[in-house]
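Participant: Okay, so here is coords_6.cif, and as you'll see once you scroll down, it has mmCIF, C-alpha atoms, pLDDT in the B column; chains and numbers go by the auth columns.
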data_entry
loop_
_atom_site.group_PDB
_atom_site.id
_atom_site.type_symbol
_atom_site.label_atom_id
_atom_site.label_comp_id
_atom_site.label_asym_id
_atom_site.label_seq_id
_atom_site.Cartn_x
_atom_site.Cartn_y
_atom_site.Cartn_z
_atom_site.B_iso_or_equiv
_atom_site.auth_seq_id
_atom_site.auth_asym_id
ATOM 1 C CA ASP A 1 112.609 137.805 147.504 84.00 12 M
ATOM 2 C CA LEU A 2 109.948 136.483 145.168 91.00 13 M
ATOM 3 C CA VAL A 3 110.012 138.274 141.787 93.00 14 M
ATOM 4 C CA GLY A 4 106.950 140.544 141.538 92.00 15 M
ATOM 5 C CA ALA A 5 105.891 140.216 145.175 92.00 16 M
ATOM 6 C CA ALA A 6 106.267 143.936 145.915 91.00 17 M
ATOM 7 C CA GLN A 7 104.207 144.940 142.865 91.00 18 M
ATOM 8 C CA LEU A 8 101.408 142.433 143.481 92.00 19 M
ATOM 9 C CA ALA A 9 101.210 143.245 147.207 92.00 20 M
ATOM 10 C CA ARG A 10 99.957 146.754 146.380 90.00 21 M
ATOM 11 C CA PHE A 11 96.739 145.387 144.821 91.00 22 M
ATOM 12 C CA PRO A 12 93.949 143.192 146.209 93.00 23 M
ATOM 13 C CA THR A 13 93.497 141.293 142.927 95.00 24 M
ATOM 14 C CA ALA A 14 95.247 140.698 139.627 95.00 25 M
ATOM 15 C CA VAL A 15 94.225 139.438 136.198 95.00 26 M
ATOM 16 C CA LEU A 16 95.752 136.133 135.201 96.00 27 M
ATOM 17 C CA ALA A 17 96.502 135.943 131.488 96.00 28 M
ATOM 18 C CA ALA A 18 97.219 132.413 130.324 96.00 29 M
ATOM 19 C CA ARG A 19 96.325 129.963 127.550 94.00 30 M
ATOM 20 C CA ASP A 20 93.971 127.041 127.407 93.00 31 M
ATOM 21 C CA ALA A 21 95.000 123.596 126.158 92.00 32 M
ATOM 22 C CA SER A 22 94.499 124.690 122.515 90.00 33 M
ATOM 23 C CA GLY A 23 96.654 127.803 122.955 89.00 34 M
ATOM 24 C CA ALA A 24 93.769 130.288 123.000 90.00 35 M
ATOM 25 C CA PRO A 25 94.149 133.150 125.483 92.00 36 M
ATOM 26 C CA VAL A 26 92.135 133.089 128.724 94.00 37 M
ATOM 27 C CA LEU A 27 91.767 135.744 131.410 95.00 38 M
ATOM 28 C CA ALA A 28 90.594 135.466 135.003 95.00 39 M
ATOM 29 C CA ARG A 29 90.555 137.793 137.976 95.00 40 M
ATOM 30 C CA THR A 30 92.307 136.188 140.918 95.00 41 M
ATOM 31 C CA ARG A 31 93.882 136.933 144.297 95.00 42 M
ATOM 32 C CA PRO A 32 97.502 135.794 143.977 95.00 43 M
ATOM 33 C CA VAL A 33 98.905 134.348 147.186 94.00 44 M
ATOM 34 C CA PRO A 34 102.700 134.359 147.519 94.00 45 M
ATOM 35 C CA THR A 35 104.270 131.005 148.326 93.00 46 M
ATOM 36 C CA GLY A 36 107.886 129.931 148.541 88.00 47 M
ATOM 37 C CA GLU A 37 107.964 129.068 144.832 92.00 48 M
ATOM 38 C CA GLY A 38 105.567 131.542 143.221 95.00 49 M
ATOM 39 C CA PHE A 39 101.999 132.790 143.420 96.00 50 M
ATOM 40 C CA ALA A 40 99.095 130.440 144.024 95.00 51 M
ATOM 41 C CA VAL A 41 96.204 131.483 141.802 95.00 52 M
ATOM 42 C CA ASP A 42 92.630 130.340 142.122 92.00 53 M
ATOM 43 C CA VAL A 43 90.732 130.573 138.844 91.00 54 M
ATOM 44 C CA PRO A 44 87.019 129.999 138.224 90.00 55 M
ATOM 45 C CA ALA A 45 85.967 126.593 136.931 88.00 56 M
ATOM 46 C CA ASP A 46 84.961 128.155 133.592 90.00 57 M
ATOM 47 C CA CYS A 47 88.513 129.423 132.984 91.00 58 M
ATOM 48 C CA PRO A 48 90.455 126.537 131.405 93.00 59 M
ATOM 49 C CA ALA A 49 93.938 127.936 132.121 95.00 60 M
ATOM 50 C CA ALA A 50 96.589 125.376 131.225 95.00 61 M
ATOM 51 C CA PRO A 51 100.229 125.131 132.296 95.00 62 M
ATOM 52 C CA GLY A 52 102.561 127.270 130.196 96.00 63 M
ATOM 53 C CA PRO A 53 103.556 130.907 129.772 96.00 64 M
ATOM 54 C CA ALA A 54 101.343 133.234 131.810 97.00 65 M
ATOM 55 C CA ALA A 55 101.273 136.586 133.567 96.00 66 M
ATOM 56 C CA LEU A 56 99.574 138.492 136.356 96.00 67 M
ATOM 57 C CA LEU A 57 98.542 142.076 135.549 94.00 68 M
ATOM 58 C CA VAL A 58 97.784 144.771 138.116 93.00 69 M
ATOM 59 C CA HIS A 59 96.886 148.371 137.348 88.00 70 M
ATOM 60 C CA ARG A 60 95.232 151.491 138.664 83.00 71 M
ATOM 61 C CA HIS A 61 94.241 154.885 137.282 79.00 72 M
ATOM 62 C CA ASP A 62 91.859 157.706 138.059 78.00 73 M
ATOM 63 C CA GLU A 63 88.383 158.178 136.589 80.00 74 M
ATOM 64 C CA ARG A 64 89.855 159.947 133.545 73.00 75 M
ATOM 65 C CA LEU A 65 92.374 157.130 132.925 69.00 76 M
ATOM 66 C CA ASN A 66 95.197 159.427 134.062 72.00 77 M
ATOM 67 C CA HIS A 67 97.861 158.737 136.679 74.00 78 M
ATOM 68 C CA MET A 68 98.079 155.170 135.473 74.00 79 M
ATOM 69 C CA HIS A 69 100.378 152.623 136.971 79.00 80 M
ATOM 70 C CA ASN A 70 100.584 149.007 135.894 84.00 81 M
ATOM 71 C CA ALA A 71 102.837 146.063 136.349 89.00 82 M
ATOM 72 C CA LEU A 72 102.989 142.700 134.662 92.00 83 M
ATOM 73 C CA VAL A 73 104.522 139.722 136.447 95.00 84 M
ATOM 74 C CA ARG A 74 105.501 137.214 133.766 96.00 85 M
ATOM 75 C CA GLY A 75 106.284 133.603 134.337 96.00 86 M
ATOM 76 C CA GLU A 76 105.258 129.985 133.960 97.00 87 M
ATOM 77 C CA LEU A 77 101.898 128.624 135.091 97.00 88 M
ATOM 78 C CA ARG A 78 102.325 125.202 136.662 96.00 89 M
ATOM 79 C CA GLU A 79 100.077 122.689 138.321 93.00 90 M
ATOM 80 C CA SER A 80 100.731 122.278 142.009 90.00 91 M
ATOM 81 C CA GLY A 81 99.241 119.990 144.621 84.00 92 M
ATOM 82 C CA SER A 82 96.629 122.582 145.544 79.00 93 M
ATOM 83 C CA GLY A 83 95.849 124.100 142.140 89.00 94 M
ATOM 84 C CA LEU A 84 97.773 126.447 139.873 95.00 95 M
ATOM 85 C CA LEU A 85 101.000 128.254 140.641 96.00 96 M
ATOM 86 C CA LEU A 86 102.543 131.115 138.661 97.00 97 M
ATOM 87 C CA VAL A 87 106.323 130.860 138.963 97.00 98 M
ATOM 88 C CA PRO A 88 107.512 134.412 138.172 97.00 99 M
ATOM 89 C CA THR A 89 110.527 135.173 136.005 95.00 100 M
ATOM 90 C CA LYS A 90 110.254 138.887 135.194 93.00 101 M
ATOM 91 C CA VAL A 91 108.421 142.090 136.134 92.00 102 M
ATOM 92 C CA VAL A 92 107.476 144.562 133.414 87.00 103 M
ATOM 93 C CA GLU A 93 106.402 148.018 134.515 78.00 104 M
ATOM 94 C CA PRO A 94 105.698 149.975 131.316 65.00 105 M
ATOM 95 C CA MET A 95 104.149 152.971 133.078 56.00 106 M
ATOM 96 C CA GLY A 96 104.164 154.372 136.526 53.00 107 M
ATOM 97 C CA SER A 97 105.035 158.034 136.694 56.00 108 M
ATOM 98 C CA GLY A 98 101.494 159.133 135.880 59.00 109 M
ATOM 99 C CA ARG A 99 102.786 161.619 133.300 66.00 110 M
ATOM 100 C CA VAL A 100 100.742 162.270 130.177 68.00 111 M
ATOM 101 C CA SER A 101 103.804 161.314 128.135 72.00 112 M
ATOM 102 C CA ASP A 102 103.527 157.760 129.528 69.00 113 M
ATOM 103 C CA ALA A 103 99.989 157.402 128.177 68.00 114 M
ATOM 104 C CA VAL A 104 100.962 158.890 124.799 78.00 115 M
ATOM 105 C CA SER A 105 103.918 156.507 124.578 78.00 116 M
ATOM 106 C CA VAL A 106 101.699 153.488 125.285 74.00 117 M
ATOM 107 C CA LEU A 107 99.184 154.614 122.645 80.00 118 M
ATOM 108 C CA ARG A 108 101.939 155.003 120.033 87.00 119 M
ATOM 109 C CA THR A 109 103.482 151.642 120.910 85.00 120 M
ATOM 110 C CA THR A 110 100.085 149.946 120.788 85.00 121 M
ATOM 111 C CA LYS A 111 99.281 151.498 117.400 90.00 122 M
ATOM 112 C CA ARG A 112 102.599 150.259 115.960 92.00 123 M
ATOM 113 C CA ALA A 113 102.030 146.773 117.387 90.00 124 M
ATOM 114 C CA THR A 114 98.518 146.724 115.925 91.00 125 M
ATOM 115 C CA ASP A 115 99.807 147.827 112.529 92.00 126 M
ATOM 116 C CA ARG A 116 102.433 145.030 112.564 93.00 127 M
ATOM 117 C CA TYR A 117 99.794 142.468 113.586 91.00 128 M
ATOM 118 C CA LEU A 118 97.449 143.477 110.760 93.00 129 M
ATOM 119 C CA HIS A 119 100.265 143.646 108.185 94.00 130 M
ATOM 120 C CA ARG A 120 101.591 140.160 109.049 93.00 131 M
ATOM 121 C CA ARG A 121 98.129 138.732 108.550 93.00 132 M
ATOM 122 C CA GLY A 122 97.285 140.711 105.422 94.00 133 M
ATOM 123 C CA LEU A 123 94.370 142.435 107.145 92.00 134 M
ATOM 124 C CA SER A 124 93.147 145.983 106.786 93.00 135 M
ATOM 125 C CA ARG A 125 92.306 148.080 109.826 91.00 136 M
ATOM 126 C CA PRO A 126 88.634 147.499 110.680 90.00 137 M
ATOM 127 C CA GLN A 127 86.329 150.494 110.584 91.00 138 M
ATOM 128 C CA VAL A 128 84.490 151.370 113.762 89.00 139 M
ATOM 129 C CA GLU A 129 80.737 151.471 113.265 92.00 140 M
ATOM 130 C CA TRP A 130 80.351 154.694 115.260 93.00 141 M
ATOM 131 C CA ARG A 131 76.591 155.022 114.739 94.00 142 M
ATOM 132 C CA GLU A 132 76.012 151.536 116.172 93.00 143 M
ATOM 133 C CA PHE A 133 78.528 152.161 118.967 90.00 144 M
ATOM 134 C CA ARG A 134 76.769 155.394 120.011 93.00 145 M
ATOM 135 C CA ALA A 135 73.372 153.663 119.940 93.00 146 M
ATOM 136 C CA LEU A 136 74.678 150.878 122.188 92.00 147 M
ATOM 137 C CA ALA A 137 76.282 153.384 124.564 90.00 148 M
ATOM 138 C CA GLN A 138 73.074 155.406 124.743 92.00 149 M
ATOM 139 C CA GLU A 139 71.047 152.249 125.444 91.00 150 M
ATOM 140 C CA ALA A 140 73.464 151.252 128.210 88.00 151 M
ATOM 141 C CA ARG A 141 73.179 154.705 129.819 88.00 152 M
ATOM 142 C CA ARG A 142 69.372 154.476 129.720 89.00 153 M
ATOM 143 C CA ARG A 143 69.459 150.982 131.185 87.00 154 M
ATOM 144 C CA ASP A 144 71.864 152.021 133.947 80.00 155 M
ATOM 145 C CA GLY A 145 69.861 155.157 134.715 75.00 156 M
ATOM 146 C CA ALA A 146 72.685 157.534 133.916 59.00 157 M
#
Kindly return the structure encoded in the file as structure tokens.

Facilitator:
Amino acid sequence: DLVGAAQLARFPTAVLAARDASGAPVLARTRPVPTGEGFAVDVPADCPAAPGPAALLVHRHDERLNHMHNALVRGELRESGSGLLLVPTKVVEPMGSGRVSDAVSVLRTTKRATDRYLHRRGLSRPQVEWREFRALAQEARRRDGA
């Protein structure tokens, strides 16, 4: 069995996370197609995904972001005769039960990872400009007719 095939089969699309030639992260929504060696991925022309470490992310949740399930299929992005191929090596399923404790655990883990990232780079936590955020959100609601 192809690593990650069962997880990816439950979703019509996935998000490819890869790097461009300079190492900068790139993301693209794609429809992974299982092959004998991995998953063929078709990315838009404006997504300069380059061979190297990559992953396919699938997730779902309800309108309140509860009952979340996600899976990450990690592997190596390679060029193939017909385009790009993600050769999977590991599946990571950090959540899946839909319990509130799962969401709380992810938030705590993410906060710790963010704190480590900022500390390593000597950065302070940026302040959210809430007044500007609310004005943008209100403008978007007006524009969308909500």

Participant: Mind giving me the axis-aligned box for range 38-41 of chain M with 3 Å on every side, centre plus edges in Å to one decimal, as lines of an AutoDock Vina configuration file?

Facilitator:
center_x = 91.4
center_y = 136.6
center_z = 136.2
size_x = 7.8
size_y = 8.3
size_z = 15.5

Participant: Near Leu97 in chain M, within 8 Å and counting all atoms listed in the file, which residues show up once chain neighbours fewer than 5 positions away are dropped, as a list in words?

Facilitator: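 Counting all atoms listed in the file, the residues come to Gly49, Phe50, Ala51, Val52, Ala65, Ala66, Gly86, Glu87, Leu88 and Arg89 of chain M.
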
Participant: Those residues you just picked out, can you put them in a file as a CSV table (one decimal), keeping the file's coordinate frame with C-alpha atoms?

Facilitator:
chain,number,residue,atom,x,y,z
M,49,GLY,CA,105.6,131.5,143.2
M,50,PHE,CA,102.0,132.8,143.4
M,51,ALA,CA,99.1,130.4,144.0
M,52,VAL,CA,96.2,131.5,141.8
M,65,ALA,CA,101.3,133.2,131.8
M,66,ALA,CA,101.3,136.6,133.6
M,86,GLY,CA,106.3,133.6,134.3
M,87,GLU,CA,105.3,130.0,134.0
M,88,LEU,CA,101.9,128.6,135.1
M,89,ARG,CA,102.3,125.2,136.7

Participant: If you measure from CA of Asp57 in chain M to CA of Glu90 in chain M, what distance in Å do you get, rounded to one decimal?

Facilitator: 16.8 Å

Participant: Tell me, in Å to one decimal, how far CA of Arg40 in chain M is from CA of Leu95 in chain M.

Facilitator: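 For CA of Arg40 in chain M relative to CA of Leu95 in chain M, the distance reads 13.6 Å.
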
Participant: To one decimal place in Å, what is the distance between CA of Asn81 in chain M and CA of Pro23 in chain M?

Facilitator: 13.6 Å

Participant: Take the PyMOL selection byres ((chain M and resi 12) around 12), apply it to the structure above, and return the hits as an NGL selection string.

Facilitator: :M and (13-18 or 45-49 or 99-100)

Participant: Quick one: apply the PyMOL selection byres ((chain M and resi 38) around 12) to the file and drop the selected residues here as a VMD selection string.

Facilitator: chain M and resid 25 to 31 35 to 37 39 to 41 54 to 55 57 to 61 65 to 68

Participant: Quick one: residues within 12 Å of Thr125 in chain M, all atoms listed in the file, excluding same-chain residues fewer than 6 positions away - as a PDB file with C-alpha atoms, keeping the file's coordinate frame?

Facilitator:
ATOM      1  CA  VAL M 117     101.699 153.488 125.285  1.00 74.00           C
ATOM      2  CA  LEU M 118      99.184 154.614 122.645  1.00 80.00           C
ATOM      3  CA  ARG M 119     101.939 155.003 120.033  1.00 87.00           C
ATOM      4  CA  ARG M 131     101.591 140.160 109.049  1.00 93.00           C
ATOM      5  CA  ARG M 132      98.129 138.732 108.550  1.00 93.00           C
ATOM      6  CA  LEU M 134      94.370 142.435 107.145  1.00 92.00           C
ATOM      7  CA  SER M 135      93.147 145.983 106.786  1.00 93.00           C
ATOM      8  CA  ARG M 136      92.306 148.080 109.826  1.00 91.00           C
ATOM      9  CA  PRO M 137      88.634 147.499 110.680  1.00 90.00           C
TER      10      PRO M 137
END
